[in-house]
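Here is the file run36.txt (compact mmCIF, C-alpha atoms).
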# COMPACT_ATOMS: atom_id res chain seq x y z
CA MET A 1 -1.61 28.91 83.65
CA GLY A 2 -4.90 30.00 82.12
CA GLU A 3 -6.65 27.97 79.46
CA SER A 4 -6.35 29.21 75.86
CA ASN A 5 -8.14 27.97 72.79
CA TYR A 6 -5.57 27.30 70.09
CA VAL A 7 -5.22 25.52 66.77
CA ILE A 8 -2.05 23.62 65.95
CA GLY A 9 -1.26 23.73 62.26
CA THR A 10 1.21 21.76 60.19
CA GLY A 11 1.93 20.70 56.63
CA TRP A 12 2.53 17.33 55.05
CA TRP A 13 4.77 16.07 52.28
CA CYS A 14 6.19 12.55 52.05
CA GLY A 15 7.94 11.19 48.98
CA SER A 16 8.06 7.60 50.21
CA ALA A 17 6.93 5.71 53.30
CA ASP A 18 10.47 5.40 54.70
CA GLY A 19 11.45 8.98 53.88
CA SER A 20 13.85 8.11 51.06
CA GLY A 21 13.77 9.73 47.62
CA ASP A 22 13.35 13.28 48.89
CA ARG A 23 15.13 16.29 47.44
CA PRO A 24 18.92 15.79 47.50
CA LEU A 25 19.73 18.73 49.79
CA ALA A 26 17.21 17.80 52.49
CA LYS A 27 18.62 18.16 56.01
CA GLY A 28 18.45 15.82 58.97
CA ASP A 29 18.03 12.06 59.02
CA GLY A 30 15.83 10.64 56.27
CA ILE A 31 13.47 9.13 58.83
CA ILE A 32 12.05 12.58 59.63
CA ARG A 33 10.36 12.52 56.22
CA GLY A 34 8.76 9.09 56.63
CA VAL A 35 5.37 7.99 57.95
CA ASP A 36 6.72 6.60 61.25
CA PHE A 37 8.04 10.03 62.15
CA HIS A 38 4.51 11.44 61.88
CA ARG A 39 3.45 9.00 64.58
CA LEU A 40 6.18 10.39 66.82
CA TRP A 41 5.21 13.99 65.92
CA TYR A 42 1.59 13.24 66.76
CA ALA A 43 2.48 11.51 70.05
CA ALA A 44 4.38 14.62 71.12
CA ILE A 45 1.52 16.94 70.13
CA ASP A 46 -1.02 14.73 71.88
CA HIS A 47 1.03 14.48 75.07
CA TYR A 48 2.55 17.94 75.47
CA THR A 49 -0.11 20.23 73.97
CA ARG A 50 -3.86 20.78 74.31
CA PRO A 51 -5.14 22.15 70.98
CA GLY A 52 -8.80 22.50 70.13
CA LYS A 53 -7.97 21.43 66.58
CA ILE A 54 -5.01 19.96 64.70
CA PHE A 55 -5.07 21.30 61.14
CA MET A 56 -2.92 19.53 58.54
CA VAL A 57 -2.41 20.68 54.94
CA ASP A 58 -1.18 18.01 52.52
CA SER A 59 0.63 19.31 49.43
CA ALA A 60 -0.64 16.50 47.18
CA SER A 61 1.84 14.07 48.72
CA PRO A 62 2.21 10.65 47.05
CA VAL A 63 2.17 9.07 50.53
CA SER A 64 -0.61 10.02 52.95
CA PRO A 65 0.03 10.57 56.66
CA PRO A 66 -1.00 7.81 59.10
CA LEU A 67 -3.65 9.91 60.84
CA ASN A 68 -5.31 8.88 64.08
CA ARG A 69 -8.84 8.54 62.74
CA GLU A 70 -10.24 8.43 66.27
CA ASP A 71 -8.99 11.92 67.13
CA ALA A 72 -11.83 14.30 66.31
CA ARG A 73 -9.52 17.28 66.64
CA ILE A 74 -7.71 16.43 63.38
CA GLU A 75 -8.79 18.29 60.25
CA TYR A 76 -7.03 17.19 57.07
CA VAL A 77 -7.00 19.19 53.82
CA ARG A 78 -5.31 18.05 50.62
CA LEU A 79 -4.18 20.61 48.04
CA ASP A 80 -4.43 19.81 44.34
CA HIS A 81 -0.66 19.96 43.69
CA ASN A 82 2.72 20.28 45.36
CA ALA A 83 4.02 23.81 44.84
CA GLY A 84 7.52 22.83 45.95
CA HIS A 85 10.21 24.09 48.31
CA SER A 86 10.73 27.81 48.90
CA SER A 87 13.99 27.74 46.92
CA VAL A 88 12.30 26.32 43.79
CA HIS A 89 8.53 26.46 43.53
CA THR A 90 5.58 27.17 41.26
CA GLY A 91 3.43 30.23 41.66
CA ARG A 92 4.01 32.92 44.25
CA TYR A 93 4.08 30.76 47.37
CA ALA A 94 5.94 27.56 48.23
CA GLY A 95 4.03 24.55 49.53
CA TRP A 96 5.11 25.25 53.12
CA THR A 97 3.82 28.82 52.92
CA ARG A 98 0.47 27.65 51.61
CA SER A 99 0.04 25.35 54.60
CA VAL A 100 0.78 28.26 56.95
CA LEU A 101 -1.51 30.80 55.28
CA LEU A 102 -4.36 28.30 55.11
CA GLY A 103 -3.80 27.34 58.75
CA ILE A 104 -3.90 30.94 59.96
CA GLN A 105 -7.12 31.55 58.09
CA TYR A 106 -8.60 28.37 59.55
CA ALA A 107 -7.72 29.48 63.09
CA ASN A 108 -9.15 32.92 62.30
CA LEU A 109 -12.46 31.51 61.12
CA CYS A 110 -12.58 29.19 64.14
CA GLN A 111 -12.04 32.28 66.32
CA ALA A 112 -9.21 30.49 68.07
CA ASP A 113 -7.19 32.59 70.50
CA TYR A 114 -3.90 31.45 68.97
CA PHE A 115 -2.54 29.72 65.90
CA VAL A 116 0.44 27.51 66.74
CA TYR A 117 2.49 26.05 63.92
CA VAL A 118 4.59 22.93 64.47
CA GLU A 119 6.32 21.80 61.31
CA GLN A 120 6.00 18.16 60.30
CA ASP A 121 9.71 17.49 60.91
CA ALA A 122 9.86 19.30 64.28
CA LEU A 123 9.44 17.72 67.70
CA VAL A 124 8.30 19.45 70.89
CA PHE A 125 9.13 18.44 74.44
CA GLY A 126 7.91 19.60 77.84
CA GLU A 127 4.68 19.97 79.77
CA GLU A 128 2.65 23.08 78.85
CA ILE A 129 5.15 24.07 76.19
CA VAL A 130 2.55 26.08 74.26
CA GLU A 131 1.11 27.63 77.41
CA THR A 132 4.60 28.65 78.51
CA ALA A 133 5.14 30.41 75.20
CA ILE A 134 1.74 32.12 75.41
CA SER A 135 2.49 33.44 78.89
CA ALA A 136 5.67 35.06 77.56
CA MET A 137 3.98 36.79 74.59
CA ARG A 138 3.81 40.58 74.67
CA ARG A 139 3.16 41.06 70.96
CA PRO A 140 0.78 39.27 68.57
CA TYR A 141 3.68 37.25 67.06
CA MET A 142 6.25 34.89 68.53
CA PHE A 143 8.88 33.15 66.41
CA GLY A 144 11.99 31.08 67.07
CA HIS A 145 15.30 32.72 67.95
CA PRO A 146 17.55 32.77 64.85
CA GLY A 147 20.61 31.68 66.85
CA ASN A 148 23.38 30.63 64.47
CA THR A 149 21.08 30.41 61.43
CA PRO A 150 21.38 32.95 58.59
CA GLN A 151 17.74 34.10 58.90
CA PRO A 152 16.12 36.80 61.07
CA LEU A 153 13.95 34.21 62.83
CA GLN A 154 12.91 30.55 62.80
CA GLN A 155 9.46 29.29 61.91
CA SER A 156 9.27 25.55 62.55
CA PHE A 157 7.41 26.38 65.79
CA PHE A 158 5.69 29.74 66.14
CA LEU A 159 2.58 31.41 67.55
CA ILE A 160 0.24 34.12 66.29
CA ARG A 161 -2.40 35.68 68.55
CA ARG A 162 -5.91 36.29 67.29
CA ASP A 163 -5.44 40.05 66.88
CA GLY A 164 -2.49 39.30 64.60
CA TYR A 165 -4.19 36.96 62.11
CA GLU A 166 -5.64 39.41 59.62
CA PRO A 167 -2.81 42.00 59.79
CA PHE A 168 -0.29 39.20 59.19
CA LEU A 169 -2.19 37.77 56.22
CA ARG A 170 -2.67 41.22 54.74
CA ARG A 171 0.99 42.21 55.11
CA TYR A 172 2.29 38.87 53.84
CA ALA A 173 0.17 39.31 50.71
CA ALA A 174 1.56 42.85 50.33
CA VAL A 175 5.05 41.43 49.73
CA ARG A 176 4.76 40.94 46.00
CA SER A 177 7.95 38.93 45.43
CA ALA A 178 7.80 35.14 45.32
CA ASP A 179 9.09 33.09 48.26
CA SER A 180 12.14 32.15 46.17
CA ARG A 181 13.05 35.85 45.92
CA VAL A 182 12.20 37.01 49.44
CA ALA A 183 12.56 34.05 51.82
CA PRO A 184 9.55 33.20 54.02
CA GLU A 185 11.57 33.94 57.17
CA LYS A 186 12.12 37.50 55.96
CA LYS A 187 8.48 37.82 54.90
CA PHE A 188 7.46 36.69 58.39
CA ALA A 189 9.50 39.44 59.99
CA LEU A 190 8.05 42.01 57.60
CA ALA A 191 4.48 40.74 58.01
CA SER A 192 4.75 41.25 61.77
CA SER A 193 5.53 44.94 61.31
CA PRO A 194 3.36 47.99 60.52
CA LEU A 195 6.56 49.44 58.99
CA LEU A 196 6.17 47.20 55.93
CA GLY A 197 6.41 49.29 52.78
CA VAL A 198 8.85 51.88 54.14
CA LEU A 199 11.75 50.30 52.25
CA PRO A 200 11.71 48.79 48.73
CA GLU A 201 11.38 45.02 48.47
CA PHE A 202 14.66 44.45 46.67
CA LEU A 203 16.52 45.19 49.92
CA PHE A 204 15.03 41.99 51.32
CA TYR A 205 15.90 39.70 48.42
CA THR A 206 17.32 36.38 49.56
CA ARG A 207 20.86 37.07 48.33
CA SER A 208 21.03 40.64 49.57
CA PRO A 209 23.56 41.02 52.43
CA THR A 210 21.19 43.48 54.12
CA ALA A 211 18.14 41.19 53.96
CA SER A 212 18.32 39.45 57.35
CA PRO A 213 19.56 42.44 59.42
CA LEU A 214 16.90 44.71 57.93
CA SER A 215 14.18 42.10 58.40
CA ARG A 216 15.19 41.68 62.04
CA LEU A 217 15.27 45.45 62.53
CA PHE A 218 11.83 45.98 60.97
CA GLY A 219 10.21 42.99 62.67
CA ARG A 220 7.89 43.46 65.63
CA TYR A 221 7.73 40.07 67.28
CA ASP A 222 8.68 38.18 70.45
CA LEU A 223 11.08 35.24 70.54
CA LEU A 224 10.25 31.85 71.98
CA PRO A 225 11.42 31.47 75.61
CA PHE A 226 13.14 28.17 74.73
CA GLY A 227 15.21 26.66 71.86
CA TYR A 228 16.15 25.26 69.44
CA GLY A 229 14.70 24.64 65.96
CA ARG A 230 17.70 24.32 63.64
CA VAL A 231 20.10 25.71 66.24
CA ARG A 232 22.61 23.26 67.64
CA PRO A 233 23.43 21.78 70.04
CA VAL A 234 20.07 20.76 71.48
CA GLN A 235 20.16 20.72 75.29
CA PHE A 236 18.07 17.66 76.10
CA ALA A 237 18.17 18.47 79.83
CA ASP A 238 16.00 21.56 79.30
CA PRO A 239 12.46 21.30 80.72
CA ARG A 240 11.04 22.47 77.37
CA PHE A 241 12.49 22.59 73.88
CA TYR A 242 11.80 21.88 70.25
CA PHE A 243 14.06 20.89 67.38
CA GLN A 244 13.90 20.42 63.62
CA HIS A 245 16.01 18.46 61.11
CA GLY A 246 16.93 15.92 63.77
CA SER A 247 19.80 13.50 63.28
CA GLY A 248 19.38 9.80 64.03
CA GLU A 249 21.19 10.27 67.34
CA GLU A 250 19.03 13.25 68.33
CA ILE A 251 15.84 11.38 67.55
CA ARG A 252 17.05 8.37 69.56
CA ARG A 253 17.76 10.63 72.54
CA TYR A 254 14.35 12.23 72.17
CA CYS A 255 12.65 8.82 72.10
CA ASP A 256 14.53 7.74 75.22
CA LEU A 257 13.67 10.99 77.00
CA SER A 258 9.99 11.14 76.05
CA GLY A 259 9.35 7.42 76.37
CA PHE A 260 7.25 7.16 73.24
CA ALA A 261 8.15 6.25 69.68
CA PRO A 262 6.89 3.87 66.99
CA PRO A 263 8.97 0.65 67.05
CA GLY A 264 10.05 1.06 63.42
CA LEU A 265 11.28 4.58 64.06
CA ARG A 266 13.15 3.62 67.22
CA ALA A 267 14.95 0.86 65.33
CA SER A 268 15.85 3.22 62.49
CA ALA A 269 17.19 5.89 64.83
CA ALA A 270 19.26 3.52 66.93

Can you give me the file's structure in the form of structure tokens?
Amino acid sequence: MGESNYVIGTGWWCGSADGSGDRPLAKGDGIIRGVDFHRLWYAAIDHYTRPGKIFMVDSASPVSPPLNREDARIEYVRLDHNAGHSSVHTGRYAGWTRSVLLGIQYANLCQADYFVYVEQDALVFGEEIVETAISAMRRPYMFGHPGNTPQPLQQSFFLIRRDGYEPFLRRYAAVRSADSRVAPEKKFALASSPLLGVLPEFLFYTRSPTASPLSRLFGRYDLLPFGYGRVRPVQFADPRFYFQHGSGEEIRRYCDLSGFAPPGLRASAA
């Protein structure tokens, strides 16, 4: 496969070093929100991907990530406050969204060929996983298959090609409703499409029964050639996959399969 210059972006929020004390409805094992999990996330990125830069946006977290200070690819930016989750947040954009928008702009200004987002609680597996996705892209945007989730797409691992950066940022900004009103997954589908603006925004409100089908219909994006994100079950025999909101058992299986994990995390996931 040909070489591509890409930036991997992610966000960071950690309420406590061991991942406890997070919001009560958080999904997956608590260890995915602790500092040891970041070490596993980074090991996977370092082993399975070849980014020019790793761009991390910290939403004023009380616990900082254990960054590899010897890796010159890592660029770390700390926002002045935590805007909150997309269901309840301050301002127009949730903290997650801010990390994405800032990351896309960073990749744009770096003139990177692709922006690749890998959420802080998502793990990737498989040689050339990013390159495999790139080779399957036919449009400027590639998101996760929605599977059995209620959204039109998944966004814990996605790619945007250079020619899609500015149109995406412009269209996302054109959706005037806050993330809590029109979910980021729906905004992503709309921001991929030149058809944005044909229908009124209220049709895409989070609680509207037409929101996801319409977003999927209007979207102009490819789907990742592998699973799984939040979709279950995860097929650990696949040559390439990614998953989010991992359970303790899933993380243990991933550690056994990949062969790398911080000792504290391995003990917690056992």

Counting only C-alpha atoms, which residues of segment 25-132 of chain A fall within 7 Å of segment 174-192 of chain A, and what is the closest atom pair for each with its distance in Å at one decimal, ordered by chain and rising number, as JSON lines?
{"residue": "A:Ser86", "atom": "CA", "partner": "A:Ser180", "partner_atom": "CA", "distance": 5.3}
{"residue": "A:Ser87", "atom": "CA", "partner": "A:Ser180", "partner_atom": "CA", "distance": 4.8}
{"residue": "A:Val88", "atom": "CA", "partner": "A:Ser180", "partner_atom": "CA", "distance": 6.3}
{"residue": "A:Arg92", "atom": "CA", "partner": "A:Ala178", "partner_atom": "CA", "distance": 4.5}
{"residue": "A:Tyr93", "atom": "CA", "partner": "A:Asp179", "partner_atom": "CA", "distance": 5.6}
{"residue": "A:Ala94", "atom": "CA", "partner": "A:Asp179", "partner_atom": "CA", "distance": 6.4}

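Comparing the minimum interatomic distances between Asp29 of chain A and each of A:Asp256, A:Asp121, A:Asp113, A:Asp71, counting all atoms listed in the file, we find that A:Asp121 sits nearest.
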
Near-Glu166 of chain A list (12 Å; all atoms listed in the file; drop same-chain fewer than 5 positions) as a PyMOL selection string: chain A and resi 101+104-109+111+115+140+160-161+171-173+191-192

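Checking A:Pro239, A:Gln154, A:Val124, A:Leu169 one by one against Tyr254 of chain A, counting all atoms listed in the file, you find the shortest gap at A:Val124.
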
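Residue nearest Phe218 of chain A within the list A:Glu119, A:Gly164, A:Ser247, A:Pro194: A:Pro194 [criterion: smallest interatomic distance, only C-alpha atoms].
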
Distance of atom CA of Arg220 of chain A from atom CA of Phe241 of chain A, expressed in Å to one decimal place: 22.9 Å

Please determine, counting only C-alpha atoms, which residue among A:Gly103, A:Gly219, A:Pro65, A:Pro167 has the shortest atom-to-atom distance to Tyr6 of chain A. A:Gly103

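Between Tyr221 of chain A and the candidates A:Val198, A:Leu153, A:Ala72, A:Leu40, the tightest atom-to-atom separation, counting only C-alpha atoms, involves A:Leu153.
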
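Of the residues listed (A:Gln151, A:Ser135, A:Gln235, A:Gln244), A:Gln151 shows the shortest atom-to-atom separation from Ser215 of chain A; distances use all atoms listed in the file.
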
Grab the atom CA of Ser59 of chain A to atom CA of Trp13 of chain A distance for me, in Å with one decimal place. 6.0 Å

Enclose segment 78-84 of chain A, meaning all of its atoms listed in the file, in a box aligned along x, y and z, pad it by 8 Å on each side, and list the centre and edge lengths in Å to one decimal, as lines of an AutoDock Vina configuration file.
center_x = 1.1
center_y = 20.9
center_z = 47.2
size_x = 28.8
size_y = 21.8
size_z = 22.9

Could segment 96-129 of chain A be written out with N, CA and C atoms, as an mmCIF file, in the first residue's frame, please?
data_model
loop_
_atom_site.group_PDB
_atom_site.id
_atom_site.type_symbol
_atom_site.label_atom_id
_atom_site.label_comp_id
_atom_site.auth_asym_id
_atom_site.auth_seq_id
_atom_site.Cartn_x
_atom_site.Cartn_y
_atom_site.Cartn_z
ATOM 1 N N TRP A 96 -16.184 16.576 23.373
ATOM 2 C CA TRP A 96 -15.733 15.667 22.319
ATOM 3 C C TRP A 96 -15.688 16.371 20.971
ATOM 4 N N THR A 97 -16.739 17.104 20.644
ATOM 5 C CA THR A 97 -16.807 17.799 19.363
ATOM 6 C C THR A 97 -15.669 18.795 19.221
ATOM 7 N N ARG A 98 -15.360 19.490 20.293
ATOM 8 C CA ARG A 98 -14.280 20.482 20.233
ATOM 9 C C ARG A 98 -12.943 19.823 19.910
ATOM 10 N N SER A 99 -12.724 18.630 20.462
ATOM 11 C CA SER A 99 -11.468 17.927 20.164
ATOM 12 C C SER A 99 -11.409 17.535 18.694
ATOM 13 N N VAL A 100 -12.542 17.157 18.117
ATOM 14 C CA VAL A 100 -12.592 16.771 16.711
ATOM 15 C C VAL A 100 -12.374 17.975 15.797
ATOM 16 N N LEU A 101 -13.111 19.053 16.038
ATOM 17 C CA LEU A 101 -12.997 20.231 15.177
ATOM 18 C C LEU A 101 -11.601 20.822 15.219
ATOM 19 N N LEU A 102 -11.003 20.853 16.404
ATOM 20 C CA LEU A 102 -9.644 21.363 16.531
ATOM 21 C C LEU A 102 -8.660 20.436 15.826
ATOM 22 N N GLY A 103 -8.879 19.129 15.939
ATOM 23 C CA GLY A 103 -8.002 18.168 15.285
ATOM 24 C C GLY A 103 -8.051 18.260 13.773
ATOM 25 N N ILE A 104 -9.248 18.429 13.213
ATOM 26 C CA ILE A 104 -9.372 18.568 11.759
ATOM 27 C C ILE A 104 -8.651 19.822 11.278
ATOM 28 N N GLN A 105 -8.812 20.897 12.002
ATOM 29 C CA GLN A 105 -8.132 22.132 11.615
ATOM 30 C C GLN A 105 -6.617 21.980 11.724
ATOM 31 N N TYR A 106 -6.158 21.273 12.740
ATOM 32 C CA TYR A 106 -4.723 21.030 12.879
ATOM 33 C C TYR A 106 -4.205 20.246 11.671
ATOM 34 N N ALA A 107 -4.897 19.167 11.310
ATOM 35 C CA ALA A 107 -4.484 18.375 10.149
ATOM 36 C C ALA A 107 -4.519 19.219 8.876
ATOM 37 N N ASN A 108 -5.515 20.083 8.773
ATOM 38 C CA ASN A 108 -5.631 20.956 7.605
ATOM 39 C C ASN A 108 -4.429 21.882 7.499
ATOM 40 N N LEU A 109 -4.065 22.499 8.618
ATOM 41 C CA LEU A 109 -2.948 23.443 8.603
ATOM 42 C C LEU A 109 -1.600 22.739 8.456
ATOM 43 N N CYS A 110 -1.553 21.470 8.840
ATOM 44 C CA CYS A 110 -0.342 20.666 8.609
ATOM 45 C C CYS A 110 -0.284 20.143 7.175
ATOM 46 N N GLN A 111 -1.348 20.335 6.426
ATOM 47 C CA GLN A 111 -1.485 19.821 5.062
ATOM 48 C C GLN A 111 -1.342 18.304 5.024
ATOM 49 N N ALA A 112 -1.867 17.652 6.066
ATOM 50 C CA ALA A 112 -1.852 16.199 6.099
ATOM 51 C C ALA A 112 -2.852 15.659 5.081
ATOM 52 N N ASP A 113 -2.545 14.515 4.513
ATOM 53 C CA ASP A 113 -3.437 13.907 3.525
ATOM 54 C C ASP A 113 -4.753 13.462 4.147
ATOM 55 N N TYR A 114 -4.675 13.008 5.416
ATOM 56 C CA TYR A 114 -5.862 12.489 6.091
ATOM 57 C C TYR A 114 -5.838 12.871 7.571
ATOM 58 N N PHE A 115 -7.029 13.080 8.105
ATOM 59 C CA PHE A 115 -7.211 13.174 9.550
ATOM 60 C C PHE A 115 -7.897 11.892 9.990
ATOM 61 N N VAL A 116 -7.305 11.223 10.968
ATOM 62 C CA VAL A 116 -7.832 9.955 11.477
ATOM 63 C C VAL A 116 -8.122 10.142 12.958
ATOM 64 N N TYR A 117 -9.366 9.966 13.339
ATOM 65 C CA TYR A 117 -9.723 10.120 14.746
ATOM 66 C C TYR A 117 -9.863 8.752 15.401
ATOM 67 N N VAL A 118 -9.198 8.585 16.542
ATOM 68 C CA VAL A 118 -9.337 7.365 17.340
ATOM 69 C C VAL A 118 -9.647 7.809 18.761
ATOM 70 N N GLU A 119 -10.875 7.585 19.183
ATOM 71 C CA GLU A 119 -11.316 8.078 20.484
ATOM 72 C C GLU A 119 -10.491 7.471 21.623
ATOM 73 N N GLN A 120 -10.412 8.201 22.732
ATOM 74 C CA GLN A 120 -9.536 7.795 23.822
ATOM 75 C C GLN A 120 -9.939 6.481 24.462
ATOM 76 N N ASP A 121 -11.199 6.046 24.281
ATOM 77 C CA ASP A 121 -11.625 4.773 24.858
ATOM 78 C C ASP A 121 -11.810 3.689 23.792
ATOM 79 N N ALA A 122 -11.213 3.906 22.609
ATOM 80 C CA ALA A 122 -11.302 2.933 21.519
ATOM 81 C C ALA A 122 -9.928 2.303 21.282
ATOM 82 N N LEU A 123 -9.927 1.034 20.945
ATOM 83 C CA LEU A 123 -8.700 0.307 20.641
ATOM 84 C C LEU A 123 -8.733 -0.182 19.203
ATOM 85 N N VAL A 124 -7.586 -0.092 18.529
ATOM 86 C CA VAL A 124 -7.468 -0.597 17.162
ATOM 87 C C VAL A 124 -6.591 -1.836 17.168
ATOM 88 N N PHE A 125 -6.833 -2.715 16.194
ATOM 89 C CA PHE A 125 -6.033 -3.933 16.065
ATOM 90 C C PHE A 125 -5.844 -4.248 14.585
ATOM 91 N N GLY A 126 -4.609 -4.645 14.231
ATOM 92 C CA GLY A 126 -4.341 -5.124 12.882
ATOM 93 C C GLY A 126 -3.319 -4.282 12.151
ATOM 94 N N GLU A 127 -2.408 -4.970 11.463
ATOM 95 C CA GLU A 127 -1.385 -4.272 10.695
ATOM 96 C C GLU A 127 -2.037 -3.446 9.580
ATOM 97 N N GLU A 128 -1.517 -2.230 9.398
ATOM 98 C CA GLU A 128 -1.967 -1.311 8.347
ATOM 99 C C GLU A 128 -3.480 -1.070 8.407
ATOM 100 N N ILE A 129 -4.001 -0.951 9.599
ATOM 101 C CA ILE A 129 -5.444 -0.751 9.729
ATOM 102 C C ILE A 129 -5.875 0.573 9.105
#
